[in-house]
$ cat data.csv   # CSV, C-alpha atoms
chain,number,residue,atom,x,y,z
O,1303,MET,CA,96.5,105.6,112.5
O,1304,MET,CA,94.4,107.6,110.1
O,1305,LYS,CA,96.3,110.9,110.8
O,1306,ASN,CA,97.1,111.5,107.1
O,1307,GLU,CA,93.5,110.9,105.9
O,1308,LEU,CA,91.8,112.9,108.7
O,1309,MET,CA,94.2,115.8,108.1
O,1310,LEU,CA,93.4,115.8,104.4
O,1311,VAL,CA,89.6,115.6,105.0
O,1312,ALA,CA,89.9,118.6,107.3
O,1313,ILE,CA,91.7,120.6,104.6
O,1314,ILE,CA,89.0,119.6,102.1
O,1315,VAL,CA,86.2,120.7,104.4
O,1316,ILE,CA,88.0,124.0,105.1
O,1317,LEU,CA,88.3,124.7,101.3
O,1318,LEU,CA,84.6,123.8,100.8
O,1319,ILE,CA,83.6,126.3,103.6
O,1320,MET,CA,85.9,128.9,102.0
O,1321,LYS,CA,84.3,128.3,98.6
O,1322,VAL,CA,80.8,128.7,100.0
O,1323,ALA,CA,81.8,131.9,101.9
O,1324,ASP,CA,83.8,133.3,99.0
O,1325,ASN,CA,83.3,137.0,98.7
O,1326,GLY,CA,85.4,137.7,95.7
O,1327,LYS,CA,88.7,136.5,97.2
O,1328,SER,CA,91.6,137.0,94.9
O,1329,ASN,CA,93.6,134.0,93.5
O,1330,SER,CA,96.7,135.2,95.4
O,1331,MET,CA,94.8,135.0,98.7
O,1332,TRP,CA,93.5,131.5,97.8
O,1333,ILE,CA,97.0,130.3,96.9
O,1334,GLY,CA,98.5,131.8,100.1
O,1335,VAL,CA,95.9,130.1,102.4
O,1336,ILE,CA,96.0,126.8,100.6
O,1337,ASN,CA,99.8,126.6,100.5
O,1338,VAL,CA,99.9,127.3,104.2
O,1339,LEU,CA,97.4,124.4,104.8
O,1340,LEU,CA,99.4,122.1,102.5
O,1341,ILE,CA,102.7,123.0,104.3
O,1342,VAL,CA,101.0,122.2,107.7
O,1343,ASN,CA,99.6,119.0,106.2
O,1344,CYS,CA,103.0,118.0,105.0
O,1345,ILE,CA,104.7,118.6,108.3
O,1346,VAL,CA,102.0,116.7,110.2
O,1347,ASP,CA,102.2,113.8,107.7
O,1348,TRP,CA,105.9,113.4,108.3
O,1349,LEU,CA,105.4,113.0,112.1
O,1350,PRO,CA,105.6,109.4,113.3
O,1351,VAL,CA,102.4,107.4,113.3
O,1352,ARG,CA,101.8,104.0,114.9
O,1353,GLU,CA,101.2,100.8,112.9
O,1354,GLY,CA,98.0,98.9,113.3
O,1355,GLU,CA,94.6,98.0,111.8
O,1356,LEU,CA,91.1,99.5,111.9
O,1357,PHE,CA,87.7,98.2,110.9
O,1358,GLY,CA,88.6,94.5,111.1
O,1359,GLY,CA,91.7,94.8,108.9
O,1360,VAL,CA,90.0,96.9,106.2
O,1361,PHE,CA,92.4,99.8,106.9
O,1362,LYS,CA,96.0,99.2,107.7
O,1363,SER,CA,98.8,101.5,108.8
O,1364,TYR,CA,102.4,100.5,108.3
O,1365,ASP,CA,105.7,102.2,108.0
O,1366,LEU,CA,106.3,101.8,104.2
O,1367,GLY,CA,102.7,102.8,103.4
O,1368,ASN,CA,103.0,105.9,105.6
O,1369,PHE,CA,106.3,106.8,103.9
O,1370,GLY,CA,104.6,106.6,100.6
O,1371,LYS,CA,101.8,108.9,101.8
O,1372,ASN,CA,104.4,111.4,103.0
O,1373,LEU,CA,106.0,111.4,99.6
O,1374,LEU,CA,102.6,112.0,97.9
O,1375,SER,CA,101.8,114.9,100.3
O,1376,THR,CA,105.2,116.4,99.5
O,1377,GLY,CA,104.6,116.0,95.8
O,1378,VAL,CA,101.2,117.8,96.0
O,1379,LEU,CA,102.8,120.6,97.9
O,1380,LEU,CA,105.5,120.9,95.2
O,1381,ILE,CA,102.8,120.9,92.4
O,1382,SER,CA,101.0,123.8,94.2
O,1383,LEU,CA,104.2,125.8,94.6
O,1384,PHE,CA,105.4,125.3,91.0
O,1385,SER,CA,102.0,126.2,89.6
O,1386,VAL,CA,101.6,129.6,91.3
O,1387,ASP,CA,101.9,131.6,88.1
O,1388,TRP,CA,99.3,129.5,86.3
O,1389,LEU,CA,97.0,129.3,89.2
O,1390,LYS,CA,96.9,133.1,89.5
O,1391,ARG,CA,95.2,133.2,86.1
O,1392,CYS,CA,93.0,130.2,86.9
O,1393,GLU,CA,89.2,130.9,87.0
O,1394,HIS,CA,88.4,127.9,89.2
O,1395,ILE,CA,91.2,127.7,91.7
O,1396,ALA,CA,89.2,126.2,94.6
O,1397,GLU,CA,87.9,123.4,92.4
O,1398,PHE,CA,91.5,122.7,91.2
O,1399,TYR,CA,92.6,122.1,94.8
O,1400,LEU,CA,89.5,120.2,95.8
O,1401,LEU,CA,89.9,117.8,92.9
O,1402,MET,CA,93.6,117.3,93.5
O,1403,LEU,CA,93.2,116.7,97.2
O,1404,SER,CA,90.4,114.3,96.5
O,1405,THR,CA,92.7,112.3,94.3
O,1406,LEU,CA,95.4,112.4,97.0
O,1407,LEU,CA,92.8,111.1,99.5
O,1408,GLY,CA,91.9,108.2,97.3
O,1409,MET,CA,95.6,107.3,97.0
O,1410,PHE,CA,96.0,107.4,100.8
O,1411,PHE,CA,93.1,104.9,101.2
O,1412,MET,CA,94.5,102.8,98.4
O,1413,ILE,CA,97.8,102.5,100.1
O,1414,SER,CA,96.2,101.5,103.4
O,1415,SER,CA,93.5,99.2,101.9
O,1416,GLY,CA,93.3,95.8,103.5
O,1417,ASN,CA,91.0,94.1,101.0
O,1418,LEU,CA,90.1,94.3,97.3
O,1419,LEU,CA,86.8,96.2,97.8
O,1420,ILE,CA,88.4,99.1,99.6
O,1421,PHE,CA,91.3,99.0,97.1
O,1422,TYR,CA,88.8,99.4,94.2
O,1423,LEU,CA,86.8,102.1,95.8
O,1424,ALA,CA,90.0,104.1,96.7
O,1425,LEU,CA,91.3,103.6,93.2
O,1426,GLU,CA,88.0,105.1,91.8
O,1427,LEU,CA,88.2,108.0,94.3
O,1428,SER,CA,91.6,108.8,93.0
O,1429,SER,CA,90.7,108.3,89.3
O,1430,ILE,CA,87.5,110.2,88.9
O,1431,PRO,CA,88.7,113.6,90.2
O,1432,LEU,CA,91.9,113.1,88.1
O,1433,ALA,CA,89.7,112.7,85.0
O,1434,ALA,CA,88.0,116.0,85.9
O,1435,LEU,CA,91.4,117.7,86.3
O,1436,CYS,CA,92.3,116.5,82.8
O,1437,ASN,CA,89.3,118.6,81.5
O,1438,PHE,CA,90.3,121.6,83.6
O,1439,GLY,CA,91.2,123.7,80.5
O,1440,LEU,CA,87.5,124.1,79.7
O,1441,ALA,CA,88.2,126.3,76.7
O,1442,GLU,CA,90.6,123.9,75.1
O,1443,ARG,CA,89.5,121.1,72.8
O,1444,LYS,CA,92.4,118.9,73.7
O,1445,SER,CA,91.6,119.1,77.3
O,1446,GLY,CA,88.1,117.8,76.8
O,1447,GLU,CA,89.4,115.1,74.5
O,1448,ALA,CA,92.0,114.0,77.2
O,1449,ALA,CA,89.3,113.8,79.8
O,1450,MET,CA,87.0,111.7,77.6
O,1451,LYS,CA,89.7,109.3,76.7
O,1452,MET,CA,90.7,108.9,80.4
O,1453,ILE,CA,87.1,108.4,81.5
O,1454,MET,CA,86.5,105.8,78.8
O,1455,SER,CA,89.7,103.9,79.6
O,1456,SER,CA,89.1,104.2,83.3
O,1457,ALA,CA,85.6,102.8,83.0
O,1458,PHE,CA,86.8,100.0,80.8
O,1459,SER,CA,89.6,99.0,83.2
O,1460,SER,CA,87.3,99.3,86.2
O,1461,CYS,CA,84.9,96.8,84.6
O,1462,ILE,CA,87.8,94.4,84.0
O,1463,MET,CA,89.0,94.8,87.5
O,1464,LEU,CA,85.6,94.3,89.0
O,1465,MET,CA,85.2,91.1,87.0
O,1466,GLY,CA,88.6,89.9,88.3
O,1467,ILE,CA,87.6,90.7,91.9
O,1468,SER,CA,84.3,88.8,91.4
O,1469,PHE,CA,86.2,85.7,90.1
O,1470,LEU,CA,88.7,85.9,93.0
O,1471,TYR,CA,85.9,86.1,95.6
O,1472,GLY,CA,84.0,83.3,93.9
O,1473,ALA,CA,87.1,81.1,94.0
O,1474,SER,CA,88.4,81.9,97.5
O,1475,GLY,CA,85.4,83.3,99.4
O,1476,THR,CA,87.3,86.3,100.7
O,1477,LEU,CA,88.4,89.7,99.6
O,1478,SER,CA,91.1,90.2,102.2
O,1479,PHE,CA,94.7,90.5,100.9
O,1480,ASP,CA,96.0,88.4,103.8
O,1481,ALA,CA,93.5,85.6,103.2
O,1482,LEU,CA,94.0,85.6,99.5
O,1483,THR,CA,97.7,84.9,99.9
O,1484,ILE,CA,96.9,81.9,102.0
O,1485,VAL,CA,94.2,80.3,99.8
O,1486,VAL,CA,96.1,80.6,96.6
O,1487,GLN,CA,94.6,78.1,94.2
O,1488,GLU,CA,95.5,76.8,90.7
O,1489,THR,CA,91.9,76.6,89.6
O,1490,PRO,CA,90.9,78.3,86.3
O,1491,LEU,CA,88.5,80.6,88.1
O,1492,TYR,CA,91.2,81.9,90.5
O,1493,ILE,CA,93.8,82.3,87.7
O,1494,MET,CA,91.4,84.1,85.5
O,1495,GLY,CA,90.4,86.4,88.3
O,1496,PHE,CA,94.0,87.3,89.0
O,1497,VAL,CA,94.7,87.9,85.3
O,1498,LEU,CA,91.7,90.2,85.0
O,1499,LEU,CA,92.7,92.1,88.2
O,1500,PHE,CA,96.2,92.5,86.9
O,1501,VAL,CA,94.9,93.8,83.5
O,1502,GLY,CA,92.6,96.3,85.2
O,1503,VAL,CA,95.4,97.7,87.4
O,1504,ALA,CA,97.8,97.7,84.4
O,1505,PHE,CA,95.4,99.9,82.5
O,1506,LYS,CA,95.2,102.3,85.4
O,1507,LEU,CA,99.0,102.4,85.6
O,1508,SER,CA,99.4,102.5,81.8
O,1509,VAL,CA,101.7,99.5,81.8
O,1510,VAL,CA,102.8,98.3,78.3
O,1511,PRO,CA,100.8,97.2,76.3
O,1512,PHE,CA,97.9,98.8,78.1
O,1513,HIS,CA,99.3,102.3,77.8
O,1514,LEU,CA,97.9,103.6,74.5
O,1515,TRP,CA,95.6,106.1,76.1
O,1516,THR,CA,98.4,107.8,78.2
O,1517,ALA,CA,100.1,110.0,75.5
O,1518,ASP,CA,96.8,111.7,74.4
O,1519,VAL,CA,95.7,112.3,78.0
O,1520,TYR,CA,99.1,113.7,79.0
O,1521,GLU,CA,99.1,116.0,75.9
O,1522,GLY,CA,95.6,117.3,76.7

$ encode --input "data.csv" --output "structure tokens"
Amino acid sequence: MMKNELMLVAIIVILLIMKVADNGKSNSMWIGVINVLLIVNCIVDWLPVREGELFGGVFKSYDLGNFGKNLLSTGVLLISLFSVDWLKRCEHIAEFYLLMLSTLLGMFFMISSGNLLIFYLALELSSIPLAALCNFGLAERKSGEAAMKMIMSSAFSSCIMLMGISFLYGASGTLSFDALTIVVQETPLYIMGFVLLFVGVAFKLSVVPFHLWTADVYEG
């Protein structure tokens, strides 16, 4: 059930070992090896995986979620293939892939999360490496500015989201998605918790009117 996640963790470990044992490998060699790993990962991800739950419902595997993971894996492969010319000039190619794959791993766990706590942790796992990627152009001022704006907006939205999760837990006594749909209440605490959770997620997704940070970050 955790085929996608375990495969991605294996690739990250391989890249870490390659980085530690790096003896002046050229960027072309890095790109070739990593693209082969990403192609294998993409092929394995598209293989069927059974539905089910792990860790008491904290992790869930289902067809629609697995399809979403497969699309994300394919998207990362396309990003790598389309960025070959830029990556050949990149000074920190290993770090680029490690950050991108860490973001992808966070998205995988977010898709399969069965409660709000795992959803939040997975969202942060996908957001923090992405903020580092925004500052990947270390010599460019706009790149640093984009990373700072994303980190600030991400931290602000995380605080709002955590407050909403706290309110929901206080009102319902559970963090499970399945249980929360059953114990829906019309109490002010429950409603406020849902509103804060929605606002926090809306900031992450740059939904109008919580999108003002997006243009500067994309430009950087």

$ residues_around --input "data.csv" --residues "range 1514-1521 of chain O" --least-positions-apart "2" --cutoff "12 Å" --atoms "only C-alpha atoms" --output "PyMOL selection string"
chain O and resi 1432-1437+1439+1442-1456+1458-1459+1504-1512

$ closest_atom_pairs --input "data.csv" --of "range 1431-1505 of chain O" --to "range 1402-1423 of chain O" --cutoff "9 Å" --atoms "only C-alpha atoms" --output "JSON lines"
{"residue": "O:Pro1431", "atom": "CA", "partner": "O:Thr1405", "partner_atom": "CA", "distance": 5.9}
{"residue": "O:Leu1432", "atom": "CA", "partner": "O:Thr1405", "partner_atom": "CA", "distance": 6.3}
{"residue": "O:Leu1435", "atom": "CA", "partner": "O:Met1402", "partner_atom": "CA", "distance": 7.5}
{"residue": "O:Ser1460", "atom": "CA", "partner": "O:Tyr1422", "partner_atom": "CA", "distance": 8.1}
{"residue": "O:Met1463", "atom": "CA", "partner": "O:Tyr1422", "partner_atom": "CA", "distance": 8.1}
{"residue": "O:Leu1464", "atom": "CA", "partner": "O:Tyr1422", "partner_atom": "CA", "distance": 8.0}
{"residue": "O:Ile1467", "atom": "CA", "partner": "O:Leu1418", "partner_atom": "CA", "distance": 7.0}
{"residue": "O:Thr1476", "atom": "CA", "partner": "O:Asn1417", "partner_atom": "CA", "distance": 8.6}
{"residue": "O:Leu1477", "atom": "CA", "partner": "O:Asn1417", "partner_atom": "CA", "distance": 5.3}
{"residue": "O:Ser1478", "atom": "CA", "partner": "O:Asn1417", "partner_atom": "CA", "distance": 4.1}
{"residue": "O:Phe1479", "atom": "CA", "partner": "O:Asn1417", "partner_atom": "CA", "distance": 5.2}
{"residue": "O:Asp1480", "atom": "CA", "partner": "O:Gly1416", "partner_atom": "CA", "distance": 7.9}

$ closest_residue --input "data.csv" --among "O:Cys1344, O:Val1338, O:Ile1395, O:Val1311" --to "Asp1324 in chain O" --atoms "only C-alpha atoms"
O:Ile1395

$ atom_distance --input "data.csv" --atom1 "CA of Leu1308 in chain O" --atom2 "CA of Ser1328 in chain O"
27.8 Å

$ residues_near_point --input "data.csv" --point "(83.6, 84.6, 92.3)" --cutoff "12 Å" --atoms "all atoms listed in the file" --output "JSON, numbers by chain"
{"O": [1464, 1465, 1466, 1467, 1468, 1469, 1470, 1471, 1472, 1473, 1474, 1475, 1476, 1477, 1489, 1490, 1491, 1492, 1493, 1494, 1495, 1496]}

$ closest_residue --input "data.csv" --among "O:Val1342, O:Leu1440, O:Ile1314, O:Met1303" --to "Tyr1364 in chain O" --atoms "all atoms listed in the file"
O:Met1303

$ closest_residue --input "data.csv" --among "O:Leu1389, O:Leu1498, O:Ala1396, O:Val1485" --to "Ser1330 in chain O" --atoms "all atoms listed in the file"
O:Leu1389

$ residues_around --input "data.csv" --residues "range 1348-1355 of chain O" --least-positions-apart "5" --cutoff "8 Å" --atoms "only C-alpha atoms" --output "list in words"
Met1303, Lys1305, Val1360, Phe1361, Lys1362, Ser1363, Tyr1364, Asp1365, Asn1368, Phe1369 and Asn1372 of chain O

$ atom_distance --input "data.csv" --atom1 "CA of Val1497 in chain O" --atom2 "CA of Ile1462 in chain O"
9.6 Å

$ residues_around --input "data.csv" --residues "Leu1383 in chain O" --least-positions-apart "2" --cutoff "12 Å" --atoms "all atoms listed in the file" --output "list of chain:residue names"
O:Ile1333, O:Gly1334, O:Ile1336, O:Asn1337, O:Val1338, O:Leu1340, O:Ile1341, O:Thr1376, O:Gly1377, O:Val1378, O:Leu1379, O:Leu1380, O:Ile1381, O:Ser1385, O:Val1386, O:Asp1387, O:Trp1388, O:Leu1389, O:Lys1390

$ build_atoms --input "data.csv" --residues "range 1470-1497 of chain O" --atoms "N, CA and C atoms" --output "PDB file, in the coordinates of the input"
ATOM      1  N   LEU O1470      87.862  86.214  91.848  1.00  0.00           N
ATOM      2  CA  LEU O1470      88.700  85.900  93.000  1.00  0.00           C
ATOM      3  C   LEU O1470      87.832  85.590  94.237  1.00  0.00           C
ATOM      4  N   TYR O1471      86.792  86.381  94.417  1.00  0.00           N
ATOM      5  CA  TYR O1471      85.900  86.100  95.600  1.00  0.00           C
ATOM      6  C   TYR O1471      85.151  84.828  95.395  1.00  0.00           C
ATOM      7  N   GLY O1472      84.718  84.550  94.166  1.00  0.00           N
ATOM      8  CA  GLY O1472      84.000  83.300  93.900  1.00  0.00           C
ATOM      9  C   GLY O1472      84.904  82.077  94.142  1.00  0.00           C
ATOM     10  N   ALA O1473      86.193  82.213  93.831  1.00  0.00           N
ATOM     11  CA  ALA O1473      87.100  81.100  94.000  1.00  0.00           C
ATOM     12  C   ALA O1473      87.622  80.906  95.386  1.00  0.00           C
ATOM     13  N   SER O1474      87.770  82.024  96.122  1.00  0.00           N
ATOM     14  CA  SER O1474      88.400  81.900  97.500  1.00  0.00           C
ATOM     15  C   SER O1474      87.426  82.218  98.597  1.00  0.00           C
ATOM     16  N   GLY O1475      86.325  82.936  98.325  1.00  0.00           N
ATOM     17  CA  GLY O1475      85.400  83.300  99.400  1.00  0.00           C
ATOM     18  C   GLY O1475      85.816  84.408 100.265  1.00  0.00           C
ATOM     19  N   THR O1476      86.829  85.167  99.856  1.00  0.00           N
ATOM     20  CA  THR O1476      87.300  86.300 100.700  1.00  0.00           C
ATOM     21  C   THR O1476      87.850  87.378  99.759  1.00  0.00           C
ATOM     22  N   LEU O1477      87.846  88.599 100.279  1.00  0.00           N
ATOM     23  CA  LEU O1477      88.400  89.700  99.600  1.00  0.00           C
ATOM     24  C   LEU O1477      89.659  90.276 100.291  1.00  0.00           C
ATOM     25  N   SER O1478      89.979  89.714 101.443  1.00  0.00           N
ATOM     26  CA  SER O1478      91.100  90.200 102.200  1.00  0.00           C
ATOM     27  C   SER O1478      92.424  89.816 101.563  1.00  0.00           C
ATOM     28  N   PHE O1479      93.345  90.767 101.519  1.00  0.00           N
ATOM     29  CA  PHE O1479      94.700  90.500 100.900  1.00  0.00           C
ATOM     30  C   PHE O1479      95.395  89.404 101.695  1.00  0.00           C
ATOM     31  N   ASP O1480      95.314  89.451 103.010  1.00  0.00           N
ATOM     32  CA  ASP O1480      96.000  88.400 103.800  1.00  0.00           C
ATOM     33  C   ASP O1480      95.466  87.053 103.556  1.00  0.00           C
ATOM     34  N   ALA O1481      94.139  86.931 103.477  1.00  0.00           N
ATOM     35  CA  ALA O1481      93.500  85.600 103.200  1.00  0.00           C
ATOM     36  C   ALA O1481      93.789  85.125 101.823  1.00  0.00           C
ATOM     37  N   LEU O1482      93.800  86.052 100.863  1.00  0.00           N
ATOM     38  CA  LEU O1482      94.000  85.600  99.500  1.00  0.00           C
ATOM     39  C   LEU O1482      95.403  85.037  99.274  1.00  0.00           C
ATOM     40  N   THR O1483      96.387  85.514 100.019  1.00  0.00           N
ATOM     41  CA  THR O1483      97.700  84.900  99.900  1.00  0.00           C
ATOM     42  C   THR O1483      97.819  83.552 100.500  1.00  0.00           C
ATOM     43  N   ILE O1484      96.889  83.238 101.388  1.00  0.00           N
ATOM     44  CA  ILE O1484      96.900  81.900 102.000  1.00  0.00           C
ATOM     45  C   ILE O1484      96.162  80.890 101.193  1.00  0.00           C
ATOM     46  N   VAL O1485      95.061  81.302 100.565  1.00  0.00           N
ATOM     47  CA  VAL O1485      94.200  80.300  99.800  1.00  0.00           C
ATOM     48  C   VAL O1485      94.474  80.361  98.352  1.00  0.00           C
ATOM     49  N   VAL O1486      95.721  80.637  97.984  1.00  0.00           N
ATOM     50  CA  VAL O1486      96.100  80.600  96.600  1.00  0.00           C
ATOM     51  C   VAL O1486      95.763  79.265  95.948  1.00  0.00           C
ATOM     52  N   GLN O1487      95.058  79.284  94.822  1.00  0.00           N
ATOM     53  CA  GLN O1487      94.600  78.100  94.200  1.00  0.00           C
ATOM     54  C   GLN O1487      95.109  78.068  92.705  1.00  0.00           C
ATOM     55  N   GLU O1488      95.120  76.916  92.113  1.00  0.00           N
ATOM     56  CA  GLU O1488      95.500  76.800  90.700  1.00  0.00           C
ATOM     57  C   GLU O1488      94.262  76.483  89.849  1.00  0.00           C
ATOM     58  N   THR O1489      93.093  76.815  90.347  1.00  0.00           N
ATOM     59  CA  THR O1489      91.900  76.600  89.600  1.00  0.00           C
ATOM     60  C   THR O1489      91.742  77.642  88.483  1.00  0.00           C
ATOM     61  N   PRO O1490      91.074  77.296  87.378  1.00  0.00           N
ATOM     62  CA  PRO O1490      90.900  78.300  86.300  1.00  0.00           C
ATOM     63  C   PRO O1490      90.231  79.557  86.719  1.00  0.00           C
ATOM     64  N   LEU O1491      89.248  79.452  87.628  1.00  0.00           N
ATOM     65  CA  LEU O1491      88.500  80.600  88.100  1.00  0.00           C
ATOM     66  C   LEU O1491      89.462  81.592  88.831  1.00  0.00           C
ATOM     67  N   TYR O1492      90.297  81.038  89.694  1.00  0.00           N
ATOM     68  CA  TYR O1492      91.200  81.900  90.500  1.00  0.00           C
ATOM     69  C   TYR O1492      92.262  82.516  89.579  1.00  0.00           C
ATOM     70  N   ILE O1493      92.801  81.743  88.653  1.00  0.00           N
ATOM     71  CA  ILE O1493      93.800  82.300  87.700  1.00  0.00           C
ATOM     72  C   ILE O1493      93.227  83.361  86.841  1.00  0.00           C
ATOM     73  N   MET O1494      92.015  83.112  86.330  1.00  0.00           N
ATOM     74  CA  MET O1494      91.400  84.100  85.500  1.00  0.00           C
ATOM     75  C   MET O1494      91.075  85.387  86.255  1.00  0.00           C
ATOM     76  N   GLY O1495      90.659  85.239  87.503  1.00  0.00           N
ATOM     77  CA  GLY O1495      90.400  86.400  88.300  1.00  0.00           C
ATOM     78  C   GLY O1495      91.659  87.226  88.552  1.00  0.00           C
ATOM     79  N   PHE O1496      92.766  86.554  88.822  1.00  0.00           N
ATOM     80  CA  PHE O1496      94.000  87.300  89.000  1.00  0.00           C
ATOM     81  C   PHE O1496      94.470  87.966  87.744  1.00  0.00           C
ATOM     82  N   VAL O1497      94.311  87.307  86.600  1.00  0.00           N
ATOM     83  CA  VAL O1497      94.700  87.900  85.300  1.00  0.00           C
ATOM     84  C   VAL O1497      93.879  89.159  85.034  1.00  0.00           C
TER      85      VAL O1497
END
